[in-house]
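Colleague: Data: structure.csv, CSV, C-alpha atoms.
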chain,number,residue,atom,x,y,z
A,1,MET,CA,134.7,108.0,108.9
A,2,GLU,CA,133.9,104.3,109.5
A,3,TYR,CA,133.0,102.0,106.6
A,4,TYR,CA,131.5,98.6,106.4
A,5,ASP,CA,131.9,95.8,103.8
A,6,SER,CA,128.9,94.3,102.0
A,7,ARG,CA,128.9,91.0,103.8
A,8,THR,CA,129.0,92.7,107.2
A,9,VAL,CA,126.1,95.0,106.2
A,10,ALA,CA,124.0,92.1,104.8
A,11,THR,CA,124.4,90.2,108.0
A,12,GLN,CA,123.7,93.2,110.3
A,13,ILE,CA,120.5,94.1,108.4
A,14,GLY,CA,119.4,90.5,108.1
A,15,ILE,CA,119.1,90.3,104.3
A,16,PRO,CA,120.8,87.9,101.9
A,17,TYR,CA,124.2,89.2,100.5
A,18,ARG,CA,122.9,88.7,96.9
A,19,THR,CA,119.9,90.9,97.7
A,20,LEU,CA,122.1,93.7,98.9
A,21,MET,CA,124.4,93.4,95.9
A,22,TYR,CA,121.4,93.4,93.5
A,23,TRP,CA,120.2,96.6,95.2
A,24,VAL,CA,123.6,98.1,94.6
A,25,GLU,CA,123.9,96.9,91.0
A,26,THR,CA,120.5,98.2,90.0
A,27,GLY,CA,121.0,101.6,91.7
A,28,LEU,CA,118.3,101.0,94.4
A,29,ILE,CA,121.1,101.7,97.0
A,30,GLN,CA,123.9,104.0,96.2
A,31,PRO,CA,126.8,103.2,98.5
A,32,HIS,CA,129.5,105.6,99.5
A,33,ALA,CA,132.2,103.7,97.6
A,34,TYR,CA,131.3,101.6,94.6
A,35,SER,CA,133.1,101.5,91.3
A,36,GLY,CA,130.3,99.8,89.4
A,37,ARG,CA,132.4,96.8,88.5
A,38,ARG,CA,131.7,93.4,89.8
A,39,ARG,CA,134.0,91.8,92.3
A,40,THR,CA,135.3,95.2,93.5
A,41,PRO,CA,134.9,96.1,97.2
A,42,VAL,CA,131.8,98.0,98.1
A,43,ARG,CA,132.1,100.2,101.2
A,44,PHE,CA,129.1,101.5,103.1
A,45,SER,CA,129.0,104.5,105.5
A,46,VAL,CA,126.9,104.6,108.6
A,47,GLU,CA,124.2,106.5,106.7
A,48,ASP,CA,124.3,103.9,103.9
A,49,VAL,CA,123.7,101.1,106.5
A,50,LYS,CA,120.7,103.0,108.0
A,51,GLU,CA,119.4,103.6,104.4
A,52,ILE,CA,119.6,99.8,103.7
A,53,GLY,CA,117.9,99.0,106.9
A,54,ARG,CA,115.0,101.3,106.2
A,55,LEU,CA,114.8,99.9,102.6
A,56,ALA,CA,114.6,96.4,104.0
A,57,GLN,CA,111.8,97.5,106.3
A,58,LEU,CA,109.8,99.4,103.6
A,59,ARG,CA,110.2,96.4,101.3
A,60,LYS,CA,107.9,94.4,103.6
A,61,TYR,CA,105.1,96.8,102.8
A,62,LEU,CA,105.9,98.1,99.3
A,63,ARG,CA,106.9,96.1,96.2
A,64,GLY,CA,108.2,96.8,92.7
A,65,GLN,CA,107.2,100.0,91.1
A,66,SER,CA,105.7,101.5,94.3
A,67,LEU,CA,109.0,101.1,96.1
A,68,ARG,CA,110.9,102.5,93.2
A,69,ASP,CA,108.5,105.5,92.9
A,70,VAL,CA,109.1,106.3,96.6
A,71,LEU,CA,112.9,106.1,96.3
A,72,SER,CA,112.9,108.1,93.1
A,73,ARG,CA,111.0,111.0,94.8
A,74,LEU,CA,113.3,110.8,97.8
A,75,ARG,CA,116.5,110.8,95.7
A,76,ASN,CA,115.6,114.3,94.6
A,77,MET,CA,116.1,115.4,98.2
A,78,GLY,CA,119.8,114.4,98.3
A,79,PRO,CA,121.9,111.5,99.4
A,80,ASN,CA,120.7,108.9,101.8
A,81,PRO,CA,117.1,110.1,101.9
A,82,LEU,CA,115.9,107.1,103.8
A,83,SER,CA,118.5,107.6,106.6
A,84,GLN,CA,117.1,111.0,107.5
A,85,GLY,CA,113.7,111.8,108.9
A,86,ASP,CA,110.9,109.5,109.9
A,87,PHE,CA,108.5,107.5,107.7
A,88,LEU,CA,105.0,106.1,108.0
A,89,VAL,CA,103.4,103.5,105.7
A,90,LEU,CA,99.6,103.9,106.0
A,91,GLU,CA,96.8,101.8,104.6
A,92,ASN,CA,93.2,103.0,104.2
A,93,ARG,CA,90.1,101.0,104.3
A,94,LYS,CA,90.3,100.2,100.6
A,95,GLY,CA,93.7,98.7,101.0
A,96,GLN,CA,95.5,101.5,99.3
A,97,ARG,CA,98.9,102.3,100.8
A,98,ASN,CA,100.8,105.5,101.1
A,99,VAL,CA,104.2,106.5,102.4
A,100,ILE,CA,104.7,109.7,104.3
A,101,LYS,CA,108.0,111.3,105.2
A,102,ILE,CA,107.9,113.4,108.3
A,103,MET,CA,109.8,116.6,107.7
A,104,GLN,CA,110.9,119.3,110.1
A,105,ASN,CA,108.3,121.8,111.6
A,106,ASN,CA,105.6,119.1,111.8
A,107,GLU,CA,105.1,118.8,108.0
A,108,ALA,CA,105.1,115.7,105.9
A,109,ILE,CA,105.5,114.8,102.3
A,110,GLN,CA,103.3,112.3,100.6
A,111,LEU,CA,105.6,110.0,98.6
A,112,LEU,CA,103.1,107.5,97.0
A,113,ASN,CA,99.8,108.0,95.2
A,114,ALA,CA,100.9,111.5,94.2
A,115,GLN,CA,100.9,112.7,90.6
A,116,PRO,CA,104.0,111.4,88.9
A,117,ASP,CA,105.3,114.8,87.6
A,118,SER,CA,103.8,117.0,90.3
A,119,GLN,CA,105.7,118.7,93.0
A,120,LEU,CA,105.9,116.8,96.3
A,121,ARG,CA,102.9,117.7,98.5
A,122,LEU,CA,103.8,119.2,101.9
A,123,ILE,CA,101.0,118.7,104.3
A,124,PRO,CA,100.7,119.9,107.9
A,125,LEU,CA,101.0,117.0,110.2
A,126,THR,CA,100.7,116.6,114.0
A,127,GLY,CA,100.7,113.4,116.0
A,128,ASP,CA,97.1,114.2,117.0
A,129,GLU,CA,96.1,114.3,113.3
A,130,VAL,CA,97.7,110.9,112.6
A,131,GLN,CA,96.2,109.4,115.8
A,132,ASP,CA,92.7,110.8,114.9
A,133,ALA,CA,92.9,109.2,111.5
A,134,ILE,CA,94.0,105.9,113.0
A,135,SER,CA,91.4,106.0,115.8
A,136,ALA,CA,88.6,106.8,113.3
A,137,GLY,CA,89.6,103.7,111.3
A,138,ARG,CA,90.5,105.7,108.2
A,139,GLN,CA,94.2,104.7,108.3
A,140,GLU,CA,96.2,101.9,109.7
A,141,VAL,CA,99.9,102.3,110.4
A,142,LEU,CA,101.7,99.4,108.9
A,143,PHE,CA,105.2,100.8,109.5
A,144,SER,CA,106.6,103.7,111.5
A,145,THR,CA,110.1,104.9,112.2
A,146,LEU,CA,109.0,107.5,114.7
A,147,GLU,CA,110.5,105.7,117.6
A,148,ASP,CA,113.4,104.2,115.6
A,149,ASP,CA,116.8,105.6,116.5
A,150,ALA,CA,119.0,102.6,115.5
A,151,PRO,CA,120.9,102.6,112.3
Please, can you express the file's structure as structure tokens?
Modeller:
Amino acid sequence: MEYYDSRTVATQIGIPYRTLMYWVETGLIQPHAYSGRRRTPVRFSVEDVKEIGRLAQLRKYLRGQSLRDVLSRLRNMGPNPLSQGDFLVLENRKGQRNVIKIMQNNEAIQLLNAQPDSQLRLIPLTGDEVQDAISAGRQEVLFSTLEDDAP
């Protein structure tokens, strides 16, 4: 398995090194190899790098507690939840944003604006339904990984 050091990852993703290390130190990112001590090498797997890239992209549309809520819900699904599946960030006419994770079998999970202690909501989803909502002006896609294959 190939691993990357933190400076290489920060450069590859296009984020400051200190931002990456802050995400690691605060638990926002959980790298493959990290002792928890400062000044010790941090090693990232390919899945970690993809996760960091997705987090950097989502961070453009979500801030603070909203981003932490999404990541908290995703962490319950297993390691590297951002590196698997596709994501949409939608905004309705009122400016409210929502994050959707596309699952297998054309289903999706709503990750934001759900009840805090409730079970994740699995909703049937097809490309036509998303396109209909966008065409009707009910939702605007701010971010999508549907065509994103790069780590």
Colleague: Could you check which of A:Ile102, A:Trp23, A:Arg97, A:Val9 is closest to Gln84 of chain A, using all atoms listed in the file?
Modeller: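 Checking each of A:Ile102, A:Trp23, A:Arg97, A:Val9 against Gln84 of chain A, counting all atoms listed in the file, the winner is A:Ile102.
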Colleague: What separation in Å, quoted to one decimal, exists between atom CA of Gly53 of chain A and atom CA of Arg73 of chain A?
Modeller: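 Between these atoms lies a distance of 18.4 Å.
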Colleague: Could you check which of A:Thr8, A:Gln65, A:Ser45, A:Thr40 is closest to Leu28 of chain A, using all atoms listed in the file?
Modeller: A:Gln65
Colleague: Using all atoms listed in the file, find all polymer residues with an atom at most 10 Å away from the point (123.8, 104.5, 109.1); report them as a list in words.
Modeller: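 Within the cut-off we find Tyr3, Phe44, Ser45, Val46, Glu47, Asp48, Val49, Lys50, Glu51, Ile52, Gly53, Arg54, Asn80, Leu82, Ser83, Gln84, Ala150 and Pro151 of chain A.
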Colleague: Could you please determine the separation between atom CA of Pro16 of chain A and atom CA of Ala56 of chain A in Å, to one decimal place?
Modeller: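 So the two atoms, atom CA of Pro16 of chain A and atom CA of Ala56 of chain A, lie 10.7 Å apart.
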Colleague: Can you work out the spacing between atom CA of Ser6 of chain A and atom CA of Pro41 of chain A in Å, to one decimal?
Modeller: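 Taking atom CA of Ser6 of chain A as the start and atom CA of Pro41 of chain A as the end point, the length is 7.9 Å.
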Colleague: Taking into account only C-alpha atoms, which residue in the set A:Arg43, A:Thr26, A:Arg59, A:His32 is nearest to Arg7 of chain A?
Modeller: A:Arg43
